[in-house]
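Participant: target32.txt is the file, holding compact mmCIF, C-alpha atoms:
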```txt
# COMPACT_ATOMS: atom_id res chain seq x y z
CA MET A 1 -9.95 33.89 -28.42
CA THR A 2 -9.29 37.08 -30.38
CA GLU A 3 -6.06 39.08 -30.36
CA GLN A 4 -7.76 41.81 -28.30
CA GLU A 5 -8.79 39.23 -25.68
CA GLN A 6 -5.19 37.96 -25.58
CA ILE A 7 -3.96 41.49 -24.88
CA GLN A 8 -6.50 41.79 -22.06
CA LEU A 9 -5.25 38.50 -20.58
CA GLY A 10 -1.69 39.83 -20.64
CA LYS A 11 -2.76 42.87 -18.59
CA ILE A 12 -4.13 40.80 -15.70
CA GLY A 13 -1.85 41.49 -12.76
CA PHE A 14 -0.60 39.56 -9.76
CA ARG A 15 -3.27 40.91 -7.39
CA ALA A 16 -6.10 40.05 -9.77
CA MET A 17 -4.77 36.50 -10.02
CA TRP A 18 -4.77 36.04 -6.26
CA LYS A 19 -8.22 37.60 -5.96
CA PHE A 20 -9.29 34.71 -8.23
CA GLY A 21 -10.52 37.13 -10.89
CA GLY A 22 -13.40 38.18 -8.63
CA LEU A 23 -14.55 34.62 -7.93
CA THR A 24 -15.09 33.15 -4.50
CA PRO A 25 -12.98 30.08 -3.62
CA TRP A 26 -16.03 27.83 -3.98
CA ASP A 27 -16.91 29.31 -7.38
CA LEU A 28 -13.29 28.77 -8.48
CA VAL A 29 -13.45 25.10 -7.42
CA PHE A 30 -16.81 24.59 -9.15
CA HIS A 31 -15.79 26.23 -12.45
CA SER A 32 -12.41 24.45 -12.45
CA ILE A 33 -13.99 21.01 -12.07
CA LYS A 34 -16.62 21.88 -14.67
CA GLY A 35 -13.94 23.18 -17.05
CA TYR A 36 -11.79 20.06 -16.52
CA ASN A 37 -14.65 17.93 -17.81
CA LYS A 38 -15.74 20.39 -20.51
CA HIS A 39 -12.25 20.65 -22.00
CA ARG A 40 -11.69 16.87 -21.84
CA LEU A 41 -8.53 17.25 -19.81
CA SER A 42 -8.78 13.66 -18.58
CA ALA A 43 -8.04 12.49 -22.14
CA HIS A 44 -5.10 14.89 -22.37
CA SER A 45 -3.82 13.53 -19.03
CA ALA A 46 -3.92 10.00 -20.47
CA GLN A 47 -1.93 11.19 -23.51
CA PHE A 48 0.52 12.87 -21.14
CA ALA A 49 1.07 9.55 -19.32
CA TYR A 50 1.60 7.70 -22.60
CA TYR A 51 4.25 10.10 -23.92
CA ALA A 52 5.85 10.37 -20.46
CA ILE A 53 6.33 6.57 -20.42
CA PHE A 54 7.81 6.76 -23.91
CA THR A 55 10.20 9.52 -22.77
CA LEU A 56 11.26 8.02 -19.43
CA VAL A 57 13.97 5.56 -20.53
CA PRO A 58 15.65 7.99 -22.99
CA LEU A 59 15.58 10.58 -20.21
CA LEU A 60 17.37 8.18 -17.84
CA ILE A 61 19.96 7.37 -20.54
CA VAL A 62 20.75 11.06 -21.14
CA ILE A 63 20.79 11.91 -17.41
CA ILE A 64 23.20 9.07 -16.59
CA ALA A 65 25.44 10.08 -19.50
CA CYS A 66 25.47 13.72 -18.30
CA VAL A 67 26.07 12.78 -14.66
CA ALA A 68 29.07 10.67 -15.71
CA GLN A 69 30.75 13.87 -16.96
CA LEU A 70 30.23 15.82 -13.72
CA PRO A 71 33.00 16.03 -11.08
CA ILE A 72 30.48 15.31 -8.28
CA GLN A 73 30.10 11.90 -6.67
CA GLY A 74 26.88 10.38 -5.41
CA ILE A 75 24.37 12.05 -7.77
CA ILE A 76 22.84 8.77 -8.98
CA LEU A 77 22.67 7.43 -5.41
CA SER A 78 20.97 10.64 -4.28
CA MET A 79 18.49 10.37 -7.16
CA GLU A 80 17.71 6.78 -6.21
CA ASN A 81 17.12 7.84 -2.58
CA ALA A 82 14.71 10.54 -3.78
CA ILE A 83 12.89 8.03 -6.01
CA ASN A 84 12.67 5.57 -3.14
CA GLN A 85 11.13 8.17 -0.83
CA GLY A 86 8.63 9.51 -3.35
CA LEU A 87 7.45 6.48 -5.34
CA PRO A 88 5.96 3.09 -4.38
CA GLN A 89 8.46 0.29 -3.86
CA SER A 90 7.39 -1.63 -6.98
CA VAL A 91 8.06 1.41 -9.17
CA SER A 92 11.34 2.22 -7.39
CA GLN A 93 12.68 -1.31 -7.93
CA MET A 94 11.73 -1.20 -11.61
CA LEU A 95 13.49 2.16 -12.11
CA PHE A 96 16.56 1.02 -10.13
CA ALA A 97 16.88 -2.03 -12.38
CA GLN A 98 16.60 0.20 -15.42
CA ILE A 99 19.24 2.62 -14.09
CA GLU A 100 21.65 -0.23 -13.29
CA ASP A 101 21.14 -1.75 -16.74
CA ILE A 102 21.80 1.61 -18.43
CA GLN A 103 24.96 2.16 -16.37
CA GLN A 104 26.32 -1.22 -17.44
CA LYS A 105 25.46 -0.93 -21.13
CA THR A 106 25.88 2.77 -21.93
CA THR A 107 27.63 3.37 -25.26
CA TYR A 108 27.93 6.40 -27.51
CA SER A 109 25.40 4.93 -29.92
CA LEU A 110 22.97 4.37 -27.02
CA ILE A 111 23.43 7.99 -25.88
CA ILE A 112 22.75 9.28 -29.41
CA ALA A 113 19.65 7.10 -29.65
CA GLY A 114 18.58 8.34 -26.21
CA LEU A 115 18.93 11.99 -27.28
CA PHE A 116 16.90 11.35 -30.42
CA LEU A 117 14.10 9.51 -28.58
CA LEU A 118 14.12 12.09 -25.77
CA SER A 119 13.72 14.87 -28.34
CA LEU A 120 10.87 13.04 -30.06
CA GLY A 121 9.07 11.98 -26.88
CA GLY A 122 9.60 15.30 -25.09
CA MET A 123 8.30 17.22 -28.09
CA ARG A 124 5.14 15.11 -28.22
CA LEU A 125 4.73 15.45 -24.46
CA PHE A 126 4.76 19.25 -24.55
CA LEU A 127 2.63 19.36 -27.70
CA THR A 128 0.03 17.31 -25.81
CA MET A 129 0.17 19.73 -22.90
CA GLY A 130 -0.14 22.61 -25.37
CA THR A 131 -3.33 21.10 -26.82
CA GLY A 132 -4.80 20.75 -23.33
CA LEU A 133 -3.84 24.26 -22.19
CA ASP A 134 -5.11 25.79 -25.45
CA ALA A 135 -8.44 24.12 -24.71
CA VAL A 136 -8.34 25.65 -21.22
CA PHE A 137 -7.88 29.17 -22.62
CA GLU A 138 -10.30 28.43 -25.50
CA VAL A 139 -7.77 29.47 -28.13
CA ASP A 140 -9.07 29.67 -31.69
CA HIS A 141 -5.77 30.13 -33.53
CA ARG A 142 -2.96 27.87 -32.37
CA ARG A 143 0.72 28.26 -33.17
CA SER A 144 2.04 26.56 -36.28
CA PHE A 145 3.44 23.06 -35.86
CA TRP A 146 7.00 24.32 -36.41
CA LYS A 147 6.73 26.99 -33.72
CA SER A 148 5.05 24.61 -31.29
CA GLY A 149 7.53 21.83 -32.07
CA GLY A 150 10.55 24.12 -31.67
CA LEU A 151 9.25 25.46 -28.36
CA SER A 152 8.49 21.92 -27.16
CA LEU A 153 12.01 20.81 -28.04
CA LEU A 154 13.47 23.81 -26.20
CA LEU A 155 11.34 23.06 -23.14
CA THR A 156 12.38 19.40 -23.20
CA PHE A 157 16.05 20.23 -22.84
CA GLY A 158 15.29 23.14 -20.50
CA VAL A 159 13.53 20.75 -18.12
CA LEU A 160 16.43 18.29 -18.53
CA LEU A 161 18.88 21.03 -17.48
CA LEU A 162 16.67 22.02 -14.55
CA LEU A 163 16.43 18.37 -13.50
CA LEU A 164 20.22 18.02 -13.56
CA ILE A 165 20.56 21.15 -11.41
CA ALA A 166 18.00 19.71 -8.97
CA MET A 167 19.95 16.44 -8.80
CA ILE A 168 23.17 18.34 -8.03
CA LEU A 169 21.36 20.27 -5.30
CA LEU A 170 20.14 16.98 -3.83
CA VAL A 171 23.81 16.12 -3.27
CA ILE A 172 25.09 19.54 -2.24
CA GLY A 173 22.05 20.49 -0.14
CA PRO A 174 22.36 17.77 2.54
CA GLU A 175 26.12 18.42 2.77
CA MET A 176 25.47 22.11 3.41
CA ALA A 177 22.82 21.18 5.98
CA ARG A 178 25.34 18.98 7.81
CA LEU A 179 27.78 21.90 7.94
CA LEU A 180 25.08 24.17 9.37
CA LEU A 181 23.70 21.71 11.93
CA PRO A 182 26.49 22.19 14.53
CA ASN A 183 25.61 25.90 14.68
CA PHE A 184 22.11 25.18 16.01
CA ASN A 185 21.20 23.63 19.34
CA ALA A 186 17.46 23.26 18.86
CA PRO A 187 16.50 19.66 17.91
CA TRP A 188 13.62 20.82 15.70
CA ILE A 189 16.03 22.81 13.53
CA HIS A 190 18.19 19.69 13.08
CA LEU A 191 15.08 17.76 11.99
CA LEU A 192 13.94 20.55 9.67
CA LEU A 193 17.31 20.93 7.94
CA SER A 194 17.85 17.19 7.51
CA VAL A 195 14.37 16.46 6.15
CA SER A 196 13.39 19.62 4.28
CA VAL A 197 16.30 19.87 1.82
CA ARG A 198 15.11 17.07 -0.47
CA TRP A 199 11.50 18.22 -0.46
CA SER A 200 12.52 21.85 -0.98
CA VAL A 201 14.51 20.91 -4.09
CA ALA A 202 11.65 18.76 -5.45
CA CYS A 203 9.03 21.46 -4.81
CA GLY A 204 11.28 24.16 -6.27
CA PHE A 205 11.78 22.08 -9.42
CA MET A 206 8.02 21.55 -9.78
CA LEU A 207 7.21 25.23 -9.13
CA ILE A 208 9.70 26.60 -11.67
CA SER A 209 8.84 23.97 -14.31
CA THR A 210 5.10 24.48 -13.89
CA SER A 211 5.25 28.28 -13.99
CA VAL A 212 7.34 28.20 -17.18
CA ILE A 213 4.96 25.67 -18.80
CA TYR A 214 1.87 27.73 -17.95
CA TRP A 215 3.56 30.84 -19.33
CA SER A 216 5.08 29.50 -22.55
CA VAL A 217 3.08 26.47 -23.71
CA PRO A 218 -0.42 27.94 -24.35
CA SER A 219 -0.87 29.72 -27.70
CA VAL A 220 -1.81 32.91 -25.89
CA LYS A 221 0.31 35.81 -24.63
CA LEU A 222 0.54 35.57 -20.84
CA PRO A 223 2.82 37.36 -18.36
CA TRP A 224 5.28 35.10 -16.55
CA LYS A 225 4.55 34.68 -12.85
CA LEU A 226 6.41 32.27 -10.60
CA PHE A 227 3.54 32.02 -8.12
CA THR A 228 0.04 31.54 -9.48
CA PRO A 229 -2.93 29.72 -7.92
CA GLY A 230 -2.51 27.02 -10.56
CA SER A 231 1.21 26.43 -10.02
CA LEU A 232 0.79 26.46 -6.23
CA PHE A 233 -2.05 23.95 -6.57
CA VAL A 234 0.23 21.69 -8.63
CA VAL A 235 3.06 21.71 -6.07
CA ILE A 236 0.82 21.06 -3.06
CA SER A 237 -1.33 18.45 -4.83
CA TRP A 238 1.73 16.71 -6.26
CA VAL A 239 3.33 16.30 -2.81
CA ILE A 240 0.05 15.02 -1.34
CA MET A 241 -0.41 12.68 -4.30
CA LEU A 242 3.13 11.31 -3.93
CA GLN A 243 2.63 10.35 -0.31
CA GLY A 244 -1.00 9.30 -0.60
CA PHE A 245 -0.50 7.16 -3.70
CA ARG A 246 2.58 5.52 -2.23
CA TYR A 247 0.68 4.64 0.96
CA TYR A 248 -2.28 3.31 -1.06
CA VAL A 249 -0.14 1.12 -3.34
CA GLU A 250 2.02 -0.30 -0.56
CA ASN A 251 -0.73 -0.88 2.02
CA MET A 252 -4.08 -1.24 0.26
CA ALA A 253 -3.71 -2.05 -3.44
CA HIS A 254 -2.41 -5.37 -4.81
CA TYR A 255 -1.17 -4.52 -8.28
CA ASN A 256 1.51 -7.21 -8.31
CA GLU A 257 -1.04 -9.89 -7.47
CA THR A 258 -3.38 -8.64 -10.21
CA TYR A 259 -0.90 -7.82 -12.98
CA GLY A 260 2.10 -9.96 -12.00
CA THR A 261 5.40 -8.66 -13.36
CA LEU A 262 3.55 -5.76 -15.03
CA GLY A 263 2.44 -4.43 -11.64
CA GLY A 264 5.28 -1.88 -11.37
CA PHE A 265 4.60 -0.61 -14.90
CA ILE A 266 0.86 -0.23 -14.21
CA VAL A 267 1.58 1.69 -10.99
CA LEU A 268 4.02 4.00 -12.82
CA LEU A 269 1.47 4.61 -15.57
CA ALA A 270 -1.20 5.48 -13.00
CA TRP A 271 1.23 7.81 -11.21
CA LEU A 272 2.08 9.60 -14.46
CA TYR A 273 -1.61 9.91 -15.32
CA MET A 274 -2.32 11.57 -11.97
CA THR A 275 0.69 13.88 -12.45
CA GLY A 276 -0.71 14.89 -15.84
CA ALA A 277 -4.17 15.40 -14.34
CA ILE A 278 -2.75 17.66 -11.63
CA LEU A 279 -0.85 19.72 -14.24
CA MET A 280 -3.97 20.05 -16.39
CA MET A 281 -6.12 21.02 -13.41
CA GLY A 282 -3.58 23.67 -12.40
CA GLY A 283 -3.81 25.09 -15.92
CA GLU A 284 -7.61 24.99 -15.72
CA ILE A 285 -7.53 26.92 -12.42
CA ASN A 286 -5.41 29.67 -14.01
CA GLY A 287 -7.64 29.63 -17.09
CA VAL A 288 -10.80 30.08 -15.02
CA ILE A 289 -9.22 33.02 -13.17
CA TYR A 290 -8.04 34.68 -16.39
CA ARG A 291 -11.43 34.31 -18.05
CA SER A 292 -13.25 35.66 -15.00
CA ALA A 293 -10.88 38.65 -14.70
CA ARG A 294 -11.28 39.38 -18.41
CA GLU A 295 -15.08 39.28 -18.20
CA LYS A 296 -15.01 41.52 -15.14
CA ALA A 297 -12.77 44.06 -16.94
CA GLU A 298 -15.07 44.03 -20.00
CA ASN A 299 -18.14 44.74 -17.85
CA GLN A 300 -16.60 47.71 -16.07
```
So that I can check it, write out the structure of this file as structure tokens.
Facilitator:
Amino acid sequence: MTEQEQIQLGKIGFRAMWKFGGLTPWDLVFHSIKGYNKHRLSAHSAQFAYYAIFTLVPLLIVIIACVAQLPIQGIILSMENAINQGLPQSVSQMLFAQIEDIQQKTTYSLIIAGLFLLSLGGMRLFLTMGTGLDAVFEVDHRRSFWKSGGLSLLLTFGVLLLLLIAMILLVIGPEMARLLLPNFNAPWIHLLLSVSVRWSVACGFMLISTSVIYWSVPSVKLPWKLFTPGSLFVVISWVIMLQGFRYYVENMAHYNETYGTLGGFIVLLAWLYMTGAILMMGGEINGVIYRSAREKAENQ
């Protein structure tokens, strides 16, 4: 992709994005699936899962260390409740055991090691996403390793901060909902306020994180947009995947019988792979729209 083509991409507006760059919905689906295979995004999704596994324990160490310094009670319990509602039981139990072990054995040296491994793993995670998204936009000249590495490191700790804010909201949100409930008499409002807070926080975290990733990670100049077809696809697909995968694992699959004690790890790895695949597909959807809009502008 030349510099002139990058400038043209940057000029594509909000309306052009939501008109799918002149494509019909069916054409968008077809080209996105074709592009997913063409750009080998399945392999990038597998790399995403690998580095996400490598990053997970250091992330938990740093989060628990940060939460211990906050004057708010119940953050870890709220996080465990969210994990329990969103992930299969085998994965939840494995993560709970890891969290309990970290809480009992946290030392300053462990925190320093966690920060180092989080920096290393997070950097590799975002570099992997950058490689996949550059393939989506068919970039010829990528950023230098130092620029890409610095940006990846910044994004790692930016996502960590956003995750901590989301965890705080998971505690504060239900409390605010309880204060508001007495003001409403309709039962459906009580149900909506009590159930929707946790999902609203999770979806908001995914939407903001995804939009920032799609804007900053590719080696191409793009305007930042909170709502894009790709980011909306990620949020909706991620929620459906959470519930569908949990139902499949707990009612149909038998990972523990097949893999024994490794069953929870295999399930987590599969979940992370699907999360990576959804993120890559969302990037492919945006890439297809940008390329179509650019070609349409060139032909006018």
Participant: Using all atoms listed in the file, which of A:Leu41, A:Ala113, A:Met129, A:Ala135 sits nearest Pro58 (chain A)?
Facilitator: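 Among A:Leu41, A:Ala113, A:Met129, A:Ala135, it is A:Ala113 that comes nearest to Pro58 (chain A).
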Participant: Set the distance at 8 Å and use only C-alpha atoms: which residues neighbour Gly35 (chain A) once local chain neighbours fewer than 3 positions away are removed? I'd like the list as a PDB file with C-alpha atoms, keeping the file's coordinate frame.
Facilitator:
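Printed below is result-v3.pdb as written:
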```pdb
ATOM      1  CA  HIS A  31     -15.790  26.230 -12.450  1.00  0.00           C
ATOM      2  CA  SER A  32     -12.410  24.450 -12.450  1.00  0.00           C
ATOM      3  CA  LYS A  38     -15.740  20.390 -20.510  1.00  0.00           C
ATOM      4  CA  HIS A  39     -12.250  20.650 -22.000  1.00  0.00           C
ATOM      5  CA  VAL A 136      -8.340  25.650 -21.220  1.00  0.00           C
ATOM      6  CA  GLU A 284      -7.610  24.990 -15.720  1.00  0.00           C
ATOM      7  CA  VAL A 288     -10.800  30.080 -15.020  1.00  0.00           C
TER       8      VAL A 288
END
```
Participant: Give me the residues within 12 Å of Thr210 (chain A) as a short mmCIF file (atom, residue, chain, number, x, y, z; two decimals) with C-alpha atoms, in the coordinates of the input, counting all atoms listed in the file and dropping any in the same chain fewer than 6 places off.
Facilitator:
```cif
data_model
loop_
_atom_site.label_atom_id
_atom_site.label_comp_id
_atom_site.auth_asym_id
_atom_site.auth_seq_id
_atom_site.Cartn_x
_atom_site.Cartn_y
_atom_site.Cartn_z
CA PHE A 126 4.76 19.25 -24.55
CA MET A 129 0.17 19.73 -22.90
CA LEU A 155 11.34 23.06 -23.14
CA VAL A 159 13.53 20.75 -18.12
CA LEU A 162 16.67 22.02 -14.55
CA CYS A 203 9.03 21.46 -4.81
CA GLY A 204 11.28 24.16 -6.27
CA SER A 216 5.08 29.50 -22.55
CA VAL A 217 3.08 26.47 -23.71
CA TRP A 224 5.28 35.10 -16.55
CA LYS A 225 4.55 34.68 -12.85
CA LEU A 226 6.41 32.27 -10.60
CA PHE A 227 3.54 32.02 -8.12
CA THR A 228 0.04 31.54 -9.48
CA PRO A 229 -2.93 29.72 -7.92
CA GLY A 230 -2.51 27.02 -10.56
CA SER A 231 1.21 26.43 -10.02
CA LEU A 232 0.79 26.46 -6.23
CA PHE A 233 -2.05 23.95 -6.57
CA VAL A 234 0.23 21.69 -8.63
CA VAL A 235 3.06 21.71 -6.07
CA TRP A 238 1.73 16.71 -6.26
CA THR A 275 0.69 13.88 -12.45
CA GLY A 276 -0.71 14.89 -15.84
CA ILE A 278 -2.75 17.66 -11.63
CA LEU A 279 -0.85 19.72 -14.24
CA MET A 280 -3.97 20.05 -16.39
CA MET A 281 -6.12 21.02 -13.41
CA GLY A 282 -3.58 23.67 -12.40
CA GLY A 283 -3.81 25.09 -15.92
CA ASN A 286 -5.41 29.67 -14.01
#
```
Participant: Pick out the closest residue to Tyr273 (chain A) from this set: A:Ala46, A:Ile289, A:Leu207, A:Asp27. Count only C-alpha atoms.
Facilitator: A:Ala46
Participant: Of the candidates A:Leu160, A:Ile76, A:Leu59, A:Leu127, which one gets nearest to Arg143 (chain A) if we count only C-alpha atoms?
Facilitator: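 With only C-alpha atoms as the atom set, the closest residue is A:Leu127.
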Participant: List the neighbours of Leu117 (chain A) out to 9 Å using only C-alpha atoms; skip same-chain residues closer than 3 positions along the sequence, and give me the result as a list in words.
Facilitator: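 Close residues of Leu117 (chain A): Phe54, Thr55, Val57, Pro58, Leu59, Ile112, Ala113, Gly114, Leu120, Gly121 and Gly122 of chain A.
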Participant: One decimal, in Å: what's the spacing between CA of Gly150 (chain A) and CA of Leu169 (chain A)?
Facilitator: 28.8 Å
Participant: Please, what distance in Å, to one decimal, runs between CA of Ser144 (chain A) and CA of Val220 (chain A)?
Facilitator: 12.8 Å
Participant: Please measure the separation of CA of Trp271 (chain A) and CA of Phe145 (chain A), giving the value in Å to one decimal.
Facilitator: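 Distance reported for this atom pair: 29.1 Å.
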Participant: Given only C-alpha atoms as the basis, pick out the residue of A:Ser200, A:Gln104, A:Ser148, A:Gln85 nearest to Ile236 (chain A).
Facilitator: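 Comparing A:Ser200, A:Gln104, A:Ser148, A:Gln85 against Ile236 (chain A), the winner is A:Ser200.
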Participant: Using all atoms listed in the file, can you tell me which of A:Leu125, A:Leu133, A:Ile63, A:Leu242 comes closest to Trp215 (chain A)?
Facilitator: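 That would be A:Leu133, the residue with the smallest distance to Trp215 (chain A).
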Participant: Could you put an axis-aligned box around every listed atom of region 202-208 of chain A, padded by 5 Å on each side, and send me its centre and edge lengths in Å to one decimal, as JSON?
Facilitator:
```
{"center_x": 9.5, "center_y": 22.7, "center_z": -8.2, "size_x": 14.6, "size_y": 17.8, "size_z": 16.9}
```
